[in-house]
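Everything below belongs to target_7.txt, which stores compact mmCIF, C-alpha atoms and all ligand atoms.
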```
# COMPACT_ATOMS: atom_id res chain seq x y z
CA MET A 1 18.26 25.02 2.39
CA ARG A 2 14.75 23.66 2.86
CA TYR A 3 15.73 20.11 3.93
CA PRO A 4 16.15 18.36 6.27
CA LYS A 5 13.22 19.93 8.06
CA GLU A 6 12.69 19.23 11.75
CA VAL A 7 9.14 19.03 13.06
CA VAL A 8 7.89 18.40 16.57
CA LEU A 9 4.86 16.15 16.97
CA LYS A 10 2.05 16.52 19.49
CA ASP A 11 3.79 14.12 21.90
CA LYS A 12 7.10 16.06 21.54
CA THR A 13 8.70 13.39 19.31
CA GLU A 14 11.08 15.02 16.82
CA ALA A 15 10.74 13.92 13.21
CA ILE A 16 12.75 14.89 10.16
CA ILE A 17 11.17 15.56 6.77
CA ARG A 18 13.47 15.11 3.80
CA PRO A 19 13.29 14.00 0.14
CA LEU A 20 13.29 10.28 -0.66
CA GLU A 21 16.75 9.11 -1.76
CA LYS A 22 17.89 6.17 -3.88
CA THR A 23 19.44 4.51 -0.82
CA ASP A 24 16.10 4.40 1.02
CA GLU A 25 14.80 1.30 -0.79
CA PRO A 26 15.25 -1.28 2.03
CA LYS A 27 13.75 1.03 4.65
CA LEU A 28 10.84 1.95 2.39
CA LEU A 29 10.07 -1.75 1.91
CA GLU A 30 10.14 -2.17 5.69
CA PHE A 31 7.86 0.84 6.11
CA TYR A 32 5.19 -0.48 3.71
CA ALA A 33 5.41 -3.96 5.24
CA ALA A 34 4.21 -2.33 8.49
CA ILE A 35 1.17 -0.66 6.86
CA PRO A 36 -1.98 -2.76 7.46
CA GLU A 37 -3.89 -4.23 4.53
CA LYS A 38 -6.93 -2.06 5.34
CA ASP A 39 -4.80 1.01 4.49
CA ARG A 40 -3.37 -0.53 1.32
CA TRP A 41 -6.17 -1.94 -0.82
CA TYR A 42 -7.30 1.46 -2.09
CA MET A 43 -3.82 2.65 -3.06
CA ARG A 44 -2.95 2.91 -6.73
CA HIS A 45 -0.13 0.39 -6.53
CA ASP A 46 0.56 -2.72 -4.48
CA VAL A 47 3.20 -1.32 -2.15
CA MET A 48 3.98 -4.83 -0.84
CA GLU A 49 5.52 -5.58 -4.24
CA PRO A 50 9.27 -4.88 -4.20
CA ALA A 51 8.95 -3.83 -7.87
CA VAL A 52 6.55 -1.04 -6.86
CA VAL A 53 8.96 0.29 -4.24
CA ARG A 54 11.76 -0.01 -6.83
CA MET A 55 9.63 2.13 -9.17
CA MET A 56 9.27 4.78 -6.45
CA ILE A 57 13.03 4.78 -5.97
CA LYS A 58 13.66 4.98 -9.71
CA ALA A 59 11.42 8.04 -9.86
CA VAL A 60 13.80 9.94 -7.54
CA GLY A 61 15.25 12.88 -9.43
CA ARG A 62 12.75 12.62 -12.28
CA GLY A 63 10.60 15.65 -12.86
CA ASN A 64 7.15 14.12 -12.54
CA VAL A 65 7.25 12.85 -8.94
CA PHE A 66 8.58 14.43 -5.79
CA SER A 67 8.60 12.14 -2.75
CA THR A 68 9.36 12.94 0.84
CA LEU A 69 9.89 10.87 3.95
CA ALA A 70 9.46 11.60 7.60
CA THR A 71 11.91 9.76 9.81
CA VAL A 72 12.30 9.22 13.54
CA ASP A 73 15.67 7.82 14.65
CA ASP A 74 16.41 7.00 11.00
CA ASP A 75 13.27 4.86 10.62
CA ILE A 76 10.69 5.90 8.05
CA VAL A 77 7.41 6.87 9.71
CA ALA A 78 5.70 8.57 6.75
CA HIS A 79 6.00 8.63 2.98
CA ALA A 80 4.35 11.19 0.72
CA SER A 81 4.41 11.98 -2.98
CA LEU A 82 3.45 14.87 -5.19
CA LEU A 83 2.74 13.61 -8.70
CA MET A 84 2.88 15.98 -11.62
CA ARG A 85 1.99 15.53 -15.27
CA GLY A 86 4.38 18.02 -16.80
CA PHE A 87 2.30 18.14 -19.97
CA GLY A 88 -1.25 18.64 -21.18
CA SER A 89 -4.38 20.24 -19.85
CA THR A 90 -3.73 19.16 -16.25
CA ARG A 91 -0.07 20.11 -16.05
CA HIS A 92 -0.99 22.81 -13.52
CA VAL A 93 -2.40 20.16 -11.15
CA GLY A 94 -0.41 18.10 -8.63
CA ARG A 95 -1.76 14.94 -7.01
CA LEU A 96 -0.94 13.89 -3.49
CA ARG A 97 -0.50 10.63 -1.64
CA ILE A 98 0.45 10.39 2.02
CA THR A 99 0.87 7.40 4.30
CA VAL A 100 1.73 7.66 7.97
CA LEU A 101 2.77 4.63 10.05
CA PRO A 102 -0.24 3.70 12.27
CA GLU A 103 1.55 4.34 15.57
CA TYR A 104 2.51 7.85 14.39
CA ARG A 105 -1.01 8.93 13.39
CA HIS A 106 -2.99 11.64 15.20
CA LYS A 107 0.22 13.41 16.18
CA ARG A 108 0.10 16.07 13.44
CA LEU A 109 2.73 14.34 11.31
CA GLY A 110 0.33 14.05 8.34
CA THR A 111 -0.34 17.78 8.55
CA TRP A 112 3.38 18.68 8.60
CA VAL A 113 4.13 16.42 5.64
CA LEU A 114 1.16 17.80 3.73
CA LEU A 115 2.14 21.41 4.43
CA ASP A 116 5.64 20.72 3.17
CA LEU A 117 4.36 19.24 -0.10
CA ILE A 118 1.96 22.13 -0.57
CA GLN A 119 5.00 24.44 -0.39
CA VAL A 120 6.81 22.28 -2.96
CA ALA A 121 3.77 22.46 -5.25
CA MET A 122 3.73 26.25 -4.93
CA ASP A 123 7.47 26.48 -5.64
CA ARG A 124 6.95 24.44 -8.79
CA GLY A 125 4.30 26.84 -9.98
CA LEU A 126 1.35 24.47 -9.74
CA ASN A 127 -2.09 26.05 -9.39
CA ASP A 128 -4.10 23.22 -7.88
CA ILE A 129 -3.61 20.09 -5.84
CA ARG A 130 -6.02 17.21 -6.23
CA ALA A 131 -6.55 14.29 -3.89
CA ASP A 132 -9.11 11.48 -4.21
CA PHE A 133 -10.48 9.72 -1.15
CA VAL A 134 -12.65 6.66 -0.58
CA ILE A 135 -15.56 7.80 1.57
CA GLY A 136 -16.01 5.66 4.67
CA ILE A 137 -12.41 4.45 4.49
CA GLU A 138 -10.22 7.54 4.20
CA ASP A 139 -12.34 9.79 6.40
CA ALA A 140 -9.32 10.80 8.52
CA ALA A 141 -7.57 11.99 5.38
CA ILE A 142 -10.70 13.85 4.21
CA GLU A 143 -10.82 15.63 7.57
CA ALA A 144 -7.11 16.47 7.43
CA ALA A 145 -7.49 17.77 3.86
CA HIS A 146 -10.50 19.90 4.88
CA LYS A 147 -8.44 21.56 7.57
CA LEU A 148 -5.90 22.57 4.92
CA ASP A 149 -8.55 24.14 2.68
CA PHE A 150 -9.12 21.30 0.27
CA PHE A 151 -12.73 21.35 -0.87
CA LYS A 152 -14.97 18.70 -2.36
CA VAL A 153 -15.42 19.13 -6.11
CA ALA A 154 -17.11 15.84 -6.97
CA VAL A 155 -18.21 12.46 -5.71
CA ILE A 156 -18.26 9.47 -8.04
CA PRO A 157 -20.80 7.03 -6.60
CA GLY A 158 -19.63 3.44 -6.09
CA TYR A 159 -16.38 4.04 -7.99
CA ALA A 160 -14.05 2.20 -5.57
CA LYS A 161 -14.37 -1.51 -4.87
CA SER A 162 -12.81 -3.29 -1.89
CA PRO A 163 -11.24 -6.76 -2.18
CA ARG A 164 -14.54 -8.12 -0.77
CA GLY A 165 -16.46 -6.46 -3.58
CA THR A 166 -18.08 -3.70 -1.51
CA ARG A 167 -18.46 -0.49 -3.47
CA TYR A 168 -17.58 2.89 -2.01
CA ASP A 169 -18.04 6.45 -3.24
CA LEU A 170 -14.90 8.31 -4.33
CA GLN A 171 -14.56 11.93 -3.29
CA ILE A 172 -12.39 14.26 -5.35
CA MET A 173 -10.95 17.21 -3.43
CA VAL A 174 -8.96 20.15 -4.73
CA LYS A 175 -6.89 22.84 -3.07
CA ARG A 176 -6.19 26.04 -4.95
CA LEU A 177 -2.70 27.42 -4.48
CA HIS A 178 -1.98 31.11 -4.19
CA ARG A 179 1.47 32.37 -4.93
CA THR A 180 1.53 34.67 -1.95
CA TRP A 181 -0.83 35.33 0.91
CA SER A 182 -1.71 38.66 -0.70
CA ASP A 183 -3.36 36.73 -3.54
CA PHE A 184 -6.23 35.82 -1.22
C1 LIG A 201 -4.64 10.31 6.63
C2 LIG A 201 -3.32 10.31 7.37
C3 LIG A 201 -2.20 10.63 6.39
C4 LIG A 201 -3.40 11.42 8.45
O1 LIG A 201 -2.12 11.49 9.11
P1 LIG A 201 -2.00 11.94 10.64
O2 LIG A 201 -0.55 12.10 10.91
O3 LIG A 201 -2.76 11.00 11.50
O4 LIG A 201 -2.74 13.34 10.60
P2 LIG A 201 -2.69 14.50 11.69
O5 LIG A 201 -2.34 13.96 13.03
O6 LIG A 201 -1.86 15.60 11.14
O7 LIG A 201 -4.21 14.93 11.74
C5 LIG A 201 -4.68 16.05 11.01
C6 LIG A 201 -6.18 16.15 11.16
O8 LIG A 201 -6.79 15.03 10.51
C7 LIG A 201 -7.96 14.67 11.24
N1 LIG A 201 -7.85 13.29 11.63
C8 LIG A 201 -6.72 12.55 11.79
N2 LIG A 201 -7.04 11.30 12.12
C9 LIG A 201 -8.38 11.23 12.17
C10 LIG A 201 -9.32 10.20 12.43
N3 LIG A 201 -8.94 8.94 12.70
N4 LIG A 201 -10.63 10.50 12.36
C11 LIG A 201 -11.04 11.73 12.07
N5 LIG A 201 -10.21 12.75 11.80
C12 LIG A 201 -8.89 12.50 11.86
C13 LIG A 201 -8.08 15.57 12.41
O9 LIG A 201 -8.92 16.62 12.04
C14 LIG A 201 -6.66 16.06 12.60
O10 LIG A 201 -6.56 17.34 13.15
P3 LIG A 201 -6.42 17.51 14.74
O11 LIG A 201 -5.17 16.77 15.13
O12 LIG A 201 -6.29 18.99 14.89
O13 LIG A 201 -7.64 16.93 15.34
C15 LIG A 201 -3.06 8.97 8.09
O14 LIG A 201 -4.18 8.66 8.89
C16 LIG A 201 -2.83 7.79 7.13
O15 LIG A 201 -1.70 7.54 6.74
N6 LIG A 201 -3.90 7.06 6.78
C17 LIG A 201 -3.82 5.92 5.89
C18 LIG A 201 -3.49 6.30 4.48
C19 LIG A 201 -4.38 7.38 3.93
O16 LIG A 201 -5.58 7.41 4.16
N7 LIG A 201 -3.77 8.28 3.17
C20 LIG A 201 -4.42 9.38 2.59
C21 LIG A 201 -4.28 9.32 1.14
S1 LIG A 201 -3.85 10.88 0.46
```

Once you've parsed the file, please lay out its structure as structure tokens.
Ligand SMILES: CC(C)(COP(=O)(O)OP(=O)(O)OC[C@H]1O[C@@H](n2cnc3c(N)ncnc32)[C@H](O)[C@@H]1OP(=O)(O)O)[C@@H](O)C(=O)NCCC(=O)NCCS
Amino acid sequence: MRYPKEVVLKDKTEAIIRPLEKTDEPKLLEFYAAIPEKDRWYMRHDVMEPAVVRMMIKAVGRGNVFSTLATVDDDIVAHASLLMRGFGSTRHVGRLRITVLPEYRHKRLGTWVLLDLIQVAMDRGLNDIRADFVIGIEDAAIEAAHKLDFFKVAVIPGYAKSPRGTRYDLQIMVKRLHRTWSDF
């Protein structure tokens, strides 16, 4: 059984990685309420909206999204999703989103959560994982992705716009998945 998965962070804190469950809604709302606005404006959905969190919960068990949580003492400290199309020319591609609670950053939690989702993507037979990052804002995530062999495939100049109207370049990164190490 893959889950729950216990990971030890740099400061020796023990965290558990497990799939999101329908009963997690109140705690997920609490988690996103603790994420600062500067980490939220570039997300695809307004995670402060209870309807958005409800949508994430409703997606549990559906084929096109797989979400995981990391918890410490039953509190959510990270949420991540692998989004899949299931149809069409990009059905072999998964897309990733990860958010770690600010006080749990730089402790390797993001890396553990990412590694787990990469394994899920491989198990589901995906070939590539794509992640888009706002340059100058998500630089920590770009660095973390680099370390896990994501590479830059494109930059769309000025594609992202902040609430203040400042434009930022969007960097598209892809990681190729190999079924076994011997495929390298
Ligand atoms: C990006 C994010 C998920 C990283 O999570 P994390 O738990 O802090 O990541 P880790 O501790 O595993 O760090 C992994 C690597 O990322 C890099 N990194 C992390 N934080 C960094 C920072 N502030 N600046 C530069 N590099 C950073 C480092 O290379 C680090 O490796 P190291 O510990 O060996 O030095 C987290 O910062 C976050 O939630 N940010 C806001 C939301 C976001 O940007 N999500 C990404 C969308 S996919």

Give me the residues within 12 Å of segment 104-114 of chain A as an MDAnalysis selection string, counting only C-alpha atoms and dropping any in the same chain fewer than 6 places off.
chainID A and resid 5:19 34:35 67:72 75:82 95:98 120:121 129 131 140:150 175

Nearest to Asp128 of chain A: which of A:Met84, A:Pro26, A:Leu177, A:Gly63 is it, counting only C-alpha atoms?
A:Leu177

Which neighbours of Val153 of chain A fall inside 7 Å, counting only C-alpha atoms, when residues of the same chain fewer than 5 positions from it are skipped, and could you give them as a PyMOL selection string?
chain A and resi 172-174

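Of note, atom O1 of ligand LIG 201 (chain A) and atom CA of Thr90 of chain A are spaced 26.5 Å apart.
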
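The coordinates place atom CA of Ala33 of chain A at 8.2 Å from atom CA of Val47 of chain A.
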
Padded axis-aligned box of ligand LIG 201 (chain A) (3 Å per side), centre and edge lengths, Å, one decimal, as lines of an AutoDock Vina configuration file:
```
center_x = -5.8
center_y = 12.5
center_z = 7.9
size_x = 16.5
size_y = 19.1
size_z = 20.9
```

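Atom to atom, atom CA of Tyr159 of chain A and atom CA of Gly94 of chain A stand 21.3 Å apart.
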
Hey, which of A:Ala154, A:Val65, A:Val100, A:Val60 ends up closest to Gly86 of chain A? Count only C-alpha atoms.
A:Val65

Which is closest to ligand LIG 201 (chain A) among A:Arg62, A:Arg2, A:Arg130, A:His45, if we use only C-alpha atoms and all ligand atoms?
A:Arg130

Among A:Lys58, A:His178, A:Lys22, A:Trp41, Ala160 of chain A is approached most closely, using all atoms listed in the file, by A:Trp41

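The residue that comes closest to Val155 of chain A, out of A:Val52, A:Thr99, A:Leu170, A:Lys38 and on the basis of all atoms listed in the file, is A:Leu170.
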
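Counting only C-alpha atoms, the residue from A:Ser89, A:Lys152, A:Asp39, A:Ala59 that sits nearest to Leu20 of chain A is A:Ala59.
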
Can I get N, CA, C and O atoms for segment 41-55 of chain A, as a CSV table (one decimal), in the first residue's frame?
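See part-v2.csv below for the written result:
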```csv
chain,number,residue,atom,x,y,z
A,41,TRP,N,-2.4,34.9,-6.2
A,41,TRP,CA,-3.0,35.7,-7.3
A,41,TRP,C,-2.7,35.0,-8.7
A,41,TRP,O,-3.4,35.1,-9.6
A,42,TYR,N,-1.6,34.2,-8.7
A,42,TYR,CA,-1.2,33.6,-10.0
A,42,TYR,C,-1.8,32.1,-10.1
A,42,TYR,O,-1.5,31.5,-11.1
A,43,MET,N,-2.5,31.7,-9.1
A,43,MET,CA,-3.1,30.4,-9.2
A,43,MET,C,-4.3,30.4,-10.2
A,43,MET,O,-4.8,31.5,-10.6
A,44,ARG,N,-4.7,29.2,-10.7
A,44,ARG,CA,-5.8,29.2,-11.7
A,44,ARG,C,-7.1,29.5,-11.1
A,44,ARG,O,-8.0,29.9,-11.9
A,45,HIS,N,-7.3,29.2,-9.8
A,45,HIS,CA,-8.6,29.4,-9.2
A,45,HIS,C,-8.4,30.2,-7.9
A,45,HIS,O,-7.4,30.1,-7.3
A,46,ASP,N,-9.5,30.9,-7.5
A,46,ASP,CA,-9.4,31.6,-6.3
A,46,ASP,C,-9.7,30.7,-5.1
A,46,ASP,O,-10.9,30.4,-4.8
A,47,VAL,N,-8.6,30.2,-4.5
A,47,VAL,CA,-8.7,29.2,-3.5
A,47,VAL,C,-9.3,29.7,-2.2
A,47,VAL,O,-9.6,29.0,-1.2
A,48,MET,N,-9.6,31.1,-2.1
A,48,MET,CA,-10.3,31.6,-0.9
A,48,MET,C,-11.8,31.4,-1.0
A,48,MET,O,-12.5,31.6,-0.1
A,49,GLU,N,-12.2,31.1,-2.2
A,49,GLU,CA,-13.7,30.8,-2.5
A,49,GLU,C,-14.1,29.4,-2.0
A,49,GLU,O,-13.5,28.4,-2.6
A,50,PRO,N,-15.0,29.3,-1.1
A,50,PRO,CA,-15.4,28.0,-0.6
A,50,PRO,C,-15.8,27.1,-1.8
A,50,PRO,O,-15.6,25.9,-1.8
A,51,ALA,N,-16.4,27.7,-2.9
A,51,ALA,CA,-16.9,26.9,-4.0
A,51,ALA,C,-15.7,26.2,-4.7
A,51,ALA,O,-15.9,25.1,-5.3
A,52,VAL,N,-14.5,26.9,-4.7
A,52,VAL,CA,-13.4,26.3,-5.4
A,52,VAL,C,-12.9,25.1,-4.6
A,52,VAL,O,-12.5,24.1,-5.2
A,53,VAL,N,-12.8,25.3,-3.3
A,53,VAL,CA,-12.4,24.1,-2.5
A,53,VAL,C,-13.4,23.0,-2.6
A,53,VAL,O,-13.0,21.8,-2.7
A,54,ARG,N,-14.7,23.3,-2.7
A,54,ARG,CA,-15.7,22.3,-2.9
A,54,ARG,C,-15.5,21.6,-4.2
A,54,ARG,O,-15.6,20.3,-4.2
A,55,MET,N,-15.1,22.3,-5.2
A,55,MET,CA,-14.8,21.7,-6.5
A,55,MET,C,-13.6,20.7,-6.4
A,55,MET,O,-13.7,19.6,-7.0
```
